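Colleague: Sharing a structure here in structure tokens format.
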Amino acid sequence: MSTSHSPPSSSWRTILHHDLPASLVVFLIAVPLSLGIAAASGAPLIAGLVAAVVGGVVAGALGGSPLQVSGPAAGLTVVVAGLVSQFGWAATAAITCAAGLVQILLGVTRIGRLALSLSPAVVHGMLAGIGVTIAVQQLHVVLGGKAQSSLVDNLIALPAQVLTHHPASVLIGVLTVVIMLVWPRLPKVKVIPGPLVAVVVVTALAAAFMVDVARVDLPDRPLQELIFPAIPSGTPVEIITAVLTVALVASVESLLSAVAVDKLHRGKRSNLDRELIGQGAANALSGALGGMPVTGVIVRSSTNVAAGARTRASAILHGVWIAAFVLAVGAMLELIPMAALAGVLLVTGLRLVQLAHIRTLRRHDELLVYVVTAAGVAALGLAEGVLIGLVLAIARVLYRLARATVTATEEDGRWTVRIRGTLVFLGVASLVRTLRSIPTGAHVRVDLEVDHLDHAAYEAIEDWRRGHLARGGSVELNRAAFRAAMHSEPRRRLLPWQPQVIPAPDQRVSMLDGVRAFEASADEIRPMLAKLAADGQRPAHLFITCADSRIVPTMITTSGPGEQFCVRNIGNLVPPKGSNSSSVDAAIEYAVEVLGVQSIIVCGHSHCGAAAAALEANVPTGSGLQNWLRHLEPSVRRAVGLPDIVDPATGVKLSPADKLSVANVGVQLANLRSFACVRTAEEQGRLELIGLWFDIGAAAARLVLDRDPYLVRADEELASSLKH
């Protein structure tokens, strides 16, 4: 087993070579976005920059998503604009501070991640409604006017604004939008952020031609002119609602962004509870300093990853650069036309309406929830729109739970009863009515394709079955689906078998029945598989194990689809490079060079038939099996030279075949290093080699070492220290 270590991710070399350049790129995109979001929210422009600085430094240092970049976000624009209109800016800052404390409480109590339980249709609908609101709002600014407080008011005032537009503002805004849309399509320039290019180009042109348009207005002394929080004037219900709205929307957006960022890199995964604490601390401080609400921002975060960031130092440094820039050369920002920032926000808002999400939701029959939520947010407000979307989503779930389709058809004297959907007590009356319509004495096949069957429905089917048999009829049940439906707990639903039962060979269900049972229960994983199909596989591990039917790799490792690239053969063998084993060679090279797996696990097991055959030498001469098992001969020689190996849990000495199986794992790990790609990746700290041995009878996995005691329990502290 490999014990190689990668250098600490926070080393100065990593920061200088990767995080410092990435922080400069993110800084350049954050400045125009922060100013634009502040302008769109009706907040002081300096408040957007304060939020960017605090979000970068505080959330970057304390949060649980190392590569996420935080700051003012477009998703909160409508909320902040409403609060400023209702309470004023000083009170909005106080609400932001209180919302941060609520976020810290959610993170400490570990219930923050429940925000991810929201229906994706509601979340994406919320963002789409916000995006449409922002786009229409900023269209007024592009036309040289002033945005209204709501989407309806903006739409009503839009015709008059078009007639009285400011030509210079329109030209600047349109040019900004064009650059934003065209720049990412140009080859070899995408490393420079489009918003930065758009703002710099139109600002330079406006200055060169001395265009008379509204420009950014910052205080001469930023630190002295910050607007600090004041207690809101309003009813307790209004204030509490405002605080909870900011806290929940900011939390959902930050957590969704953190999850999305995790999919962009192969580094450390996000700790969502810690991320919520970090976001709460940033909001508390930002509000205390008169800044805007802070969330994790996917635009800046994805730019951070694409620019090569490796640690949280990049997010922290980007906040430092913003603070230094504002304090040192803030006057340069006052050259930026407001129409340019409005153009940036117009494109950003429209990008919140993603066609990919619409297509996915339509495929899963969730488009109605999306449209209703988006329309509600845009027309009525964020809280009202989300509430309407949630009510509709819950109503659709309840409808689906109560809906089951039961049909009975006759062909050549044989009846088929098909039951689909979710069969609970609400559908029993329809079920019984259909079953009783079948003639006495008929042969009946009951085809179950349900994802849940409650006790009332089960008893109704069983009572009818017994009565039909007593009256001379016959009943054929799809036993696998029936069993899966009866044991429909989340962890068992996709299993067409019961962990406590080993059926006799003549009682096992057919493979086709197993397929039907899977399809009847596959709705809960279909969205995930659809995403894997669209995005491609990115497994973190290559798992090499035996073809033995008792070994189930995903069960041993508690992993799911897309997490594990698996190779199985007799004896979990890895013939050395050059042994003319093309299939195994191709799998290893593909996993390391193309998929970029982080670890390779070789897993042997007890009661191995290959090991027993190699010791007993009873394999037919000249057979393919004999030729294959020749690759076990080095393992046999190694096992002879090893002392007795004792199971670390029971203290029982392993049998000769099991001892050979353990020795074989070590030999195959050594054979892996005969591949140049494996050696290089391991030396660079990108790949870890791990040996496992699975005791079938004890249902326990052991780590395999290359020295005495050779086997240790996977949950021991020693194993953890060796692995990390």
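Just so we're on the same page: first chain in the structure tokens is A, next is B, and so on; residues restart at 1 for each chain, and ligands are numbered from 1 in the order they show up.
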Determine, using only C-alpha atoms, which residues of segment 199-262 of chain A have any atom at most 12 Å from an atom of segment 344-360 of chain A, and tabulate each with its shortest atom pair and distance in Å to one decimal place, rows ordered by chain and then rising number, as a tab-separated table.
Modeller:
```
residue	atom	partner	partner_atom	distance
A:Val199	CA	A:Val344	CA	8.0
A:Val200	CA	A:Val344	CA	11.7
A:Val202	CA	A:Val344	CA	11.4
```
Colleague: Go ahead and dump the residues you just picked, N, CA and C atoms, as an mmCIF file, in the first residue's frame.
Modeller:
```
data_model
loop_
_atom_site.group_PDB
_atom_site.id
_atom_site.type_symbol
_atom_site.label_atom_id
_atom_site.label_comp_id
_atom_site.auth_asym_id
_atom_site.auth_seq_id
_atom_site.Cartn_x
_atom_site.Cartn_y
_atom_site.Cartn_z
ATOM 1 N N VAL A 199 -16.438 46.430 -19.729
ATOM 2 C CA VAL A 199 -16.429 47.677 -18.956
ATOM 3 C C VAL A 199 -15.220 48.532 -19.322
ATOM 4 N N VAL A 200 -14.052 47.920 -19.456
ATOM 5 C CA VAL A 200 -12.838 48.679 -19.785
ATOM 6 C C VAL A 200 -12.962 49.315 -21.167
ATOM 7 N N VAL A 202 -15.725 50.047 -23.077
ATOM 8 C CA VAL A 202 -16.721 51.127 -23.212
ATOM 9 C C VAL A 202 -16.348 52.330 -22.343
#
```
Colleague: List every residue of segment 299-377 of chain A that DSSP, applied to the backbone, labels as helix (DSSP H, G or I), and write the result as a VMD selection string.
Modeller: chain A and resid 299 to 306 313 to 335 338 to 351 355 to 363 367 to 377
Colleague: Would you mind exporting the chosen residues as a CSV table (one decimal), in the first residue's frame, restricted to C-alpha atoms?
Modeller:
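Printed below is part.csv as written:
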```csv
chain,number,residue,atom,x,y,z
A,299,VAL,CA,-19.7,33.2,-11.8
A,300,ARG,CA,-16.7,34.2,-9.7
A,301,SER,CA,-16.2,30.8,-8.3
A,302,SER,CA,-16.1,29.0,-11.7
A,303,THR,CA,-13.7,31.7,-12.9
A,304,ASN,CA,-11.5,31.0,-9.8
A,305,VAL,CA,-11.4,27.3,-10.6
A,306,ALA,CA,-10.8,27.9,-14.3
A,313,ALA,CA,-5.9,31.8,-0.5
A,314,SER,CA,-7.2,32.8,-3.9
A,315,ALA,CA,-10.6,34.0,-2.6
A,316,ILE,CA,-8.9,35.8,0.3
A,317,LEU,CA,-6.4,37.6,-1.9
A,318,HIS,CA,-9.1,38.7,-4.3
A,319,GLY,CA,-10.8,40.5,-1.4
A,320,VAL,CA,-7.5,42.1,-0.5
A,321,TRP,CA,-6.9,43.4,-4.0
A,322,ILE,CA,-10.4,45.0,-4.1
A,323,ALA,CA,-9.8,46.8,-0.9
A,324,ALA,CA,-6.4,48.1,-2.0
A,325,PHE,CA,-7.7,49.2,-5.4
A,326,VAL,CA,-10.6,51.1,-3.9
A,327,LEU,CA,-8.5,52.9,-1.3
A,328,ALA,CA,-5.6,53.6,-3.7
A,329,VAL,CA,-7.1,54.4,-7.1
A,330,GLY,CA,-10.9,54.4,-6.4
A,331,ALA,CA,-11.2,57.6,-8.5
A,332,MET,CA,-10.6,55.5,-11.7
A,333,LEU,CA,-13.9,53.7,-11.0
A,334,GLU,CA,-15.8,57.0,-11.4
A,335,LEU,CA,-15.0,56.9,-15.1
A,338,MET,CA,-23.7,53.4,-15.4
A,339,ALA,CA,-25.0,52.1,-18.7
A,340,ALA,CA,-22.0,49.8,-18.9
A,341,LEU,CA,-22.7,48.3,-15.5
A,342,ALA,CA,-26.3,48.0,-16.5
A,343,GLY,CA,-25.3,46.1,-19.7
A,344,VAL,CA,-23.2,43.7,-17.6
A,345,LEU,CA,-26.2,43.1,-15.2
A,346,LEU,CA,-28.6,42.7,-18.1
A,347,VAL,CA,-26.6,39.8,-19.5
A,348,THR,CA,-26.0,38.4,-16.1
A,349,GLY,CA,-29.7,38.4,-15.3
A,350,LEU,CA,-30.7,36.7,-18.6
A,351,ARG,CA,-28.1,34.0,-17.9
A,355,LEU,CA,-32.3,26.6,-21.3
A,356,ALA,CA,-30.5,23.5,-20.0
A,357,HIS,CA,-32.5,23.7,-16.8
A,358,ILE,CA,-35.7,24.2,-18.7
A,359,ARG,CA,-35.1,21.1,-20.9
A,360,THR,CA,-34.2,19.0,-17.9
A,361,LEU,CA,-37.3,20.0,-15.9
A,362,ARG,CA,-39.5,19.5,-18.9
A,363,ARG,CA,-38.1,16.0,-19.3
A,367,LEU,CA,-41.7,22.6,-15.9
A,368,LEU,CA,-45.0,23.9,-14.5
A,369,VAL,CA,-43.5,24.4,-11.0
A,370,TYR,CA,-40.5,26.2,-12.7
A,371,VAL,CA,-42.8,28.6,-14.7
A,372,VAL,CA,-45.2,29.3,-11.8
A,373,THR,CA,-42.3,30.0,-9.4
A,374,ALA,CA,-40.5,32.3,-11.9
A,375,ALA,CA,-43.7,34.2,-12.7
A,376,GLY,CA,-44.6,34.5,-9.0
A,377,VAL,CA,-41.1,35.9,-8.1
```
Colleague: For a quick check of understanding, using only C-alpha atoms, which of A:Ala281, A:Val31, A:Leu158, A:Ala207 has the smallest distance to Gly55 of chain A?
Modeller: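 Checking each candidate against Gly55 of chain A, we get A:Ala281 as the closest.
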Colleague: With 9 Å as the cut-off and only C-alpha atoms counted, what is the closest atom pair between each nearby residue of segment 56-157 of chain A and segment 230-247 of chain A? Distances in Å to one decimal, ordered by chain and number, as JSON lines.
Modeller:
```
{"residue": "A:Leu76", "atom": "CA", "partner": "A:Val246", "partner_atom": "CA", "distance": 7.7}
{"residue": "A:Val79", "atom": "CA", "partner": "A:Val246", "partner_atom": "CA", "distance": 7.3}
{"residue": "A:Val80", "atom": "CA", "partner": "A:Val246", "partner_atom": "CA", "distance": 8.2}
{"residue": "A:Leu83", "atom": "CA", "partner": "A:Ala242", "partner_atom": "CA", "distance": 7.4}
{"residue": "A:Phe87", "atom": "CA", "partner": "A:Pro232", "partner_atom": "CA", "distance": 6.2}
{"residue": "A:Gly88", "atom": "CA", "partner": "A:Pro232", "partner_atom": "CA", "distance": 8.2}
{"residue": "A:Trp89", "atom": "CA", "partner": "A:Ala230", "partner_atom": "CA", "distance": 8.7}
{"residue": "A:Ala90", "atom": "CA", "partner": "A:Ala230", "partner_atom": "CA", "distance": 5.1}
{"residue": "A:Ala91", "atom": "CA", "partner": "A:Pro232", "partner_atom": "CA", "distance": 4.6}
{"residue": "A:Thr92", "atom": "CA", "partner": "A:Pro232", "partner_atom": "CA", "distance": 7.5}
{"residue": "A:Ala93", "atom": "CA", "partner": "A:Ala230", "partner_atom": "CA", "distance": 7.4}
{"residue": "A:Ala94", "atom": "CA", "partner": "A:Ala230", "partner_atom": "CA", "distance": 5.9}
{"residue": "A:Ile95", "atom": "CA", "partner": "A:Val243", "partner_atom": "CA", "distance": 5.4}
{"residue": "A:Thr96", "atom": "CA", "partner": "A:Val246", "partner_atom": "CA", "distance": 6.9}
{"residue": "A:Cys97", "atom": "CA", "partner": "A:Val243", "partner_atom": "CA", "distance": 8.7}
{"residue": "A:Ala98", "atom": "CA", "partner": "A:Val243", "partner_atom": "CA", "distance": 6.4}
{"residue": "A:Ala99", "atom": "CA", "partner": "A:Ala247", "partner_atom": "CA", "distance": 4.7}
{"residue": "A:Gly100", "atom": "CA", "partner": "A:Ala247", "partner_atom": "CA", "distance": 6.6}
{"residue": "A:Leu101", "atom": "CA", "partner": "A:Ala247", "partner_atom": "CA", "distance": 8.6}
{"residue": "A:Val102", "atom": "CA", "partner": "A:Ala247", "partner_atom": "CA", "distance": 6.4}
{"residue": "A:Gln103", "atom": "CA", "partner": "A:Ala247", "partner_atom": "CA", "distance": 6.0}
```
Colleague: Let's have the selection written as a compact mmCIF listing (two decimals), in the first residue's frame, with C-alpha atoms.
Modeller:
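Saved as again_7.txt:
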```txt
# COMPACT_ATOMS: atom_id res chain seq x y z
CA LEU A 76 -30.36 38.86 -3.99
CA VAL A 79 -34.63 41.23 -2.21
CA VAL A 80 -32.19 44.04 -1.39
CA LEU A 83 -35.64 46.18 1.58
CA PHE A 87 -36.64 50.31 5.30
CA GLY A 88 -33.84 52.47 3.85
CA TRP A 89 -30.19 51.52 3.45
CA ALA A 90 -29.03 51.79 7.10
CA ALA A 91 -31.82 49.46 8.25
CA THR A 92 -31.07 47.07 5.36
CA ALA A 93 -27.48 46.83 6.62
CA ALA A 94 -28.80 45.93 10.08
CA ILE A 95 -31.06 43.26 8.53
CA THR A 96 -28.03 41.86 6.68
CA CYS A 97 -26.09 41.67 9.94
CA ALA A 98 -28.96 39.85 11.69
CA ALA A 99 -29.34 37.47 8.74
CA GLY A 100 -25.68 36.57 9.11
CA LEU A 101 -26.24 35.59 12.73
CA VAL A 102 -29.17 33.39 11.63
CA GLN A 103 -26.89 31.69 9.08
```
Colleague: Restricting the calculation to only C-alpha atoms, which member of A:Leu35, A:Val646, A:Ala168, A:Ile15 is positioned closest to Phe209 of chain A?
Modeller: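 Smallest separation from Phe209 of chain A among the options: A:Ala168.
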Colleague: State, in Å with one decimal place, the distance from atom CA of Gly421 of chain A to atom CA of Arg526 of chain A.
Modeller: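 Distance reported for this atom pair: 15.1 Å.
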Colleague: Point out the residue among A:Ser119, A:Ser169, A:Thr650, A:Ser70 with the least atom-to-atom distance to Asp212 of chain A, counting only C-alpha atoms.
Modeller: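 When distances to Asp212 of chain A are compared using only C-alpha atoms, the smallest one comes from A:Ser169.
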Colleague: Tell me which protein, DNA and RNA residues are within 7 Å of Ala540 of chain A, counting only C-alpha atoms, leaving out same-chain ones fewer than 4 positions away, and put them as a list in words.
Modeller: Glu563, Gln564, Val597, Gln598 and Ser599 of chain A
Colleague: Among segment 489-667 of chain A, which residues does DSSP mark as strand (DSSP E) when it is run on the backbone? Keep the chain and numbering as in the structure and answer as a list in words.
Modeller: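 These are the residues in question: His541, Leu542, Phe543, Ile544, Thr545, Cys546, Gln564, Phe565, Cys566, Val567, Arg568, Asn569, Ser599, Ile600, Ile601, Val602, Cys603, Gly604 and His605 of chain A.
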Colleague: Output the selection as a short mmCIF file (atom, residue, chain, number, x, y, z; two decimals), in the first residue's frame - all heavy atoms for each residue.
Modeller:
```
data_model
loop_
_atom_site.label_atom_id
_atom_site.label_comp_id
_atom_site.auth_asym_id
_atom_site.auth_seq_id
_atom_site.Cartn_x
_atom_site.Cartn_y
_atom_site.Cartn_z
N HIS A 541 -12.17 6.98 -8.29
CA HIS A 541 -11.41 5.78 -7.93
C HIS A 541 -11.50 4.72 -9.02
O HIS A 541 -12.52 4.60 -9.71
CB HIS A 541 -11.96 5.18 -6.63
CG HIS A 541 -12.23 6.20 -5.56
ND1 HIS A 541 -11.23 6.82 -4.86
CD2 HIS A 541 -13.40 6.73 -5.11
CE1 HIS A 541 -11.76 7.69 -4.01
NE2 HIS A 541 -13.08 7.65 -4.15
N LEU A 542 -10.40 3.97 -9.16
CA LEU A 542 -10.40 2.74 -9.95
C LEU A 542 -10.39 1.58 -8.98
O LEU A 542 -9.50 1.49 -8.13
CB LEU A 542 -9.16 2.69 -10.86
CG LEU A 542 -8.86 1.34 -11.53
CD1 LEU A 542 -10.02 0.90 -12.41
CD2 LEU A 542 -7.57 1.41 -12.33
N PHE A 543 -11.38 0.72 -9.07
CA PHE A 543 -11.55 -0.41 -8.14
C PHE A 543 -11.30 -1.70 -8.92
O PHE A 543 -12.06 -2.04 -9.83
CB PHE A 543 -12.95 -0.39 -7.54
CG PHE A 543 -13.10 -1.20 -6.28
CD1 PHE A 543 -12.84 -0.63 -5.05
CD2 PHE A 543 -13.49 -2.53 -6.33
CE1 PHE A 543 -12.98 -1.37 -3.89
CE2 PHE A 543 -13.63 -3.27 -5.17
CZ PHE A 543 -13.37 -2.69 -3.94
N ILE A 544 -10.23 -2.40 -8.56
CA ILE A 544 -9.87 -3.66 -9.22
C ILE A 544 -10.15 -4.80 -8.26
O ILE A 544 -9.57 -4.86 -7.16
CB ILE A 544 -8.38 -3.66 -9.63
CG1 ILE A 544 -8.08 -2.47 -10.55
CG2 ILE A 544 -8.01 -4.97 -10.32
CD1 ILE A 544 -6.61 -2.30 -10.88
N THR A 545 -11.04 -5.70 -8.63
CA THR A 545 -11.40 -6.77 -7.72
C THR A 545 -11.74 -8.04 -8.50
O THR A 545 -11.67 -8.07 -9.74
CB THR A 545 -12.59 -6.35 -6.83
OG1 THR A 545 -12.77 -7.31 -5.78
CG2 THR A 545 -13.88 -6.25 -7.63
N CYS A 546 -12.10 -9.07 -7.76
CA CYS A 546 -12.34 -10.39 -8.35
C CYS A 546 -13.74 -10.45 -8.96
O CYS A 546 -14.65 -9.71 -8.58
CB CYS A 546 -12.19 -11.45 -7.26
SG CYS A 546 -12.28 -13.15 -7.88
N GLN A 564 -17.15 5.32 -9.23
CA GLN A 564 -16.15 4.25 -9.21
C GLN A 564 -16.01 3.63 -10.59
O GLN A 564 -16.99 3.25 -11.23
CB GLN A 564 -16.62 3.20 -8.19
CG GLN A 564 -15.67 2.09 -7.91
CD GLN A 564 -16.30 1.08 -6.96
OE1 GLN A 564 -16.78 0.03 -7.38
NE2 GLN A 564 -16.34 1.40 -5.69
N PHE A 565 -14.76 3.58 -11.09
CA PHE A 565 -14.44 2.89 -12.33
C PHE A 565 -13.96 1.50 -11.93
O PHE A 565 -13.04 1.37 -11.12
CB PHE A 565 -13.34 3.66 -13.07
CG PHE A 565 -13.12 3.23 -14.49
CD1 PHE A 565 -14.11 3.38 -15.44
CD2 PHE A 565 -11.91 2.69 -14.89
CE1 PHE A 565 -13.91 2.99 -16.75
CE2 PHE A 565 -11.69 2.31 -16.19
CZ PHE A 565 -12.69 2.45 -17.13
N CYS A 566 -14.57 0.45 -12.45
CA CYS A 566 -14.36 -0.89 -11.90
C CYS A 566 -13.81 -1.84 -12.95
O CYS A 566 -14.25 -1.84 -14.10
CB CYS A 566 -15.68 -1.43 -11.34
SG CYS A 566 -15.48 -2.92 -10.34
N VAL A 567 -12.81 -2.64 -12.54
CA VAL A 567 -12.26 -3.72 -13.36
C VAL A 567 -12.37 -5.01 -12.55
O VAL A 567 -11.92 -5.06 -11.40
CB VAL A 567 -10.79 -3.46 -13.73
CG1 VAL A 567 -10.18 -4.67 -14.41
CG2 VAL A 567 -10.68 -2.24 -14.62
N ARG A 568 -12.97 -6.06 -13.14
CA ARG A 568 -13.12 -7.33 -12.44
C ARG A 568 -12.56 -8.45 -13.30
O ARG A 568 -12.79 -8.49 -14.51
CB ARG A 568 -14.60 -7.59 -12.13
CG ARG A 568 -15.25 -6.48 -11.33
CD ARG A 568 -16.63 -6.85 -10.84
NE ARG A 568 -16.56 -7.87 -9.81
CZ ARG A 568 -17.56 -8.17 -8.98
NH1 ARG A 568 -18.68 -7.49 -9.06
NH2 ARG A 568 -17.44 -9.12 -8.09
N ASN A 569 -11.81 -9.31 -12.67
CA ASN A 569 -11.34 -10.51 -13.35
C ASN A 569 -11.09 -11.59 -12.30
O ASN A 569 -11.15 -11.33 -11.09
CB ASN A 569 -10.09 -10.24 -14.18
CG ASN A 569 -8.93 -9.70 -13.34
OD1 ASN A 569 -8.59 -10.25 -12.29
ND2 ASN A 569 -8.30 -8.63 -13.82
N SER A 599 -7.34 7.55 -6.81
CA SER A 599 -6.82 6.36 -6.13
C SER A 599 -7.14 5.12 -6.95
O SER A 599 -8.10 5.10 -7.73
CB SER A 599 -7.43 6.23 -4.72
OG SER A 599 -8.82 6.02 -4.80
N ILE A 600 -6.29 4.10 -6.77
CA ILE A 600 -6.54 2.78 -7.33
C ILE A 600 -6.59 1.80 -6.17
O ILE A 600 -5.65 1.72 -5.38
CB ILE A 600 -5.45 2.36 -8.34
CG1 ILE A 600 -5.37 3.36 -9.49
CG2 ILE A 600 -5.75 0.96 -8.88
CD1 ILE A 600 -4.30 3.01 -10.52
N ILE A 601 -7.67 1.07 -6.05
CA ILE A 601 -7.86 0.10 -4.98
C ILE A 601 -7.81 -1.29 -5.59
O ILE A 601 -8.55 -1.59 -6.53
CB ILE A 601 -9.21 0.31 -4.26
CG1 ILE A 601 -9.28 1.69 -3.61
CG2 ILE A 601 -9.42 -0.77 -3.20
CD1 ILE A 601 -9.95 2.73 -4.46
N VAL A 602 -6.94 -2.13 -5.05
CA VAL A 602 -6.93 -3.55 -5.41
C VAL A 602 -7.57 -4.30 -4.25
O VAL A 602 -7.08 -4.21 -3.12
CB VAL A 602 -5.52 -4.08 -5.68
CG1 VAL A 602 -5.56 -5.57 -5.97
CG2 VAL A 602 -4.89 -3.33 -6.85
N CYS A 603 -8.65 -5.01 -4.51
CA CYS A 603 -9.41 -5.66 -3.44
C CYS A 603 -9.44 -7.17 -3.65
O CYS A 603 -10.03 -7.66 -4.62
CB CYS A 603 -10.83 -5.10 -3.40
SG CYS A 603 -11.87 -5.83 -2.10
N GLY A 604 -8.78 -7.90 -2.74
CA GLY A 604 -8.90 -9.35 -2.71
C GLY A 604 -9.99 -9.75 -1.73
O GLY A 604 -10.65 -8.90 -1.12
N HIS A 605 -10.18 -11.06 -1.55
CA HIS A 605 -11.25 -11.48 -0.64
C HIS A 605 -10.99 -12.88 -0.11
O HIS A 605 -10.16 -13.64 -0.65
CB HIS A 605 -12.60 -11.44 -1.36
CG HIS A 605 -12.71 -12.41 -2.50
ND1 HIS A 605 -13.23 -13.68 -2.36
CD2 HIS A 605 -12.35 -12.31 -3.80
CE1 HIS A 605 -13.20 -14.31 -3.52
NE2 HIS A 605 -12.67 -13.49 -4.42
#
```
Colleague: Just give me the gap between atom CA of Leu155 of chain A and atom CA of Leu143 of chain A in Å, one decimal is fine.
Modeller: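 The value is 13.4 Å.
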Colleague: Hey, which of A:Gly473, A:Gly278, A:Gly75, A:Gly571 ends up closest to Val132 of chain A? Count only C-alpha atoms.
Modeller: A:Gly75
Colleague: Just checking: using only C-alpha atoms, which residue out of A:Glu275, A:Asp535, A:Glu589, A:Glu253 ends up closest to Ile298 of chain A?
Modeller: A:Glu253
Colleague: Neighbouring residues of Ile130 of chain A were defined as those with any atom within 7 Å, considering only C-alpha atoms; residues of the same chain fewer than 3 positions away were excluded. Please report them as an MDAnalysis selection string.
Modeller: chainID A and resid 75 78 126:127 133:134 377:378
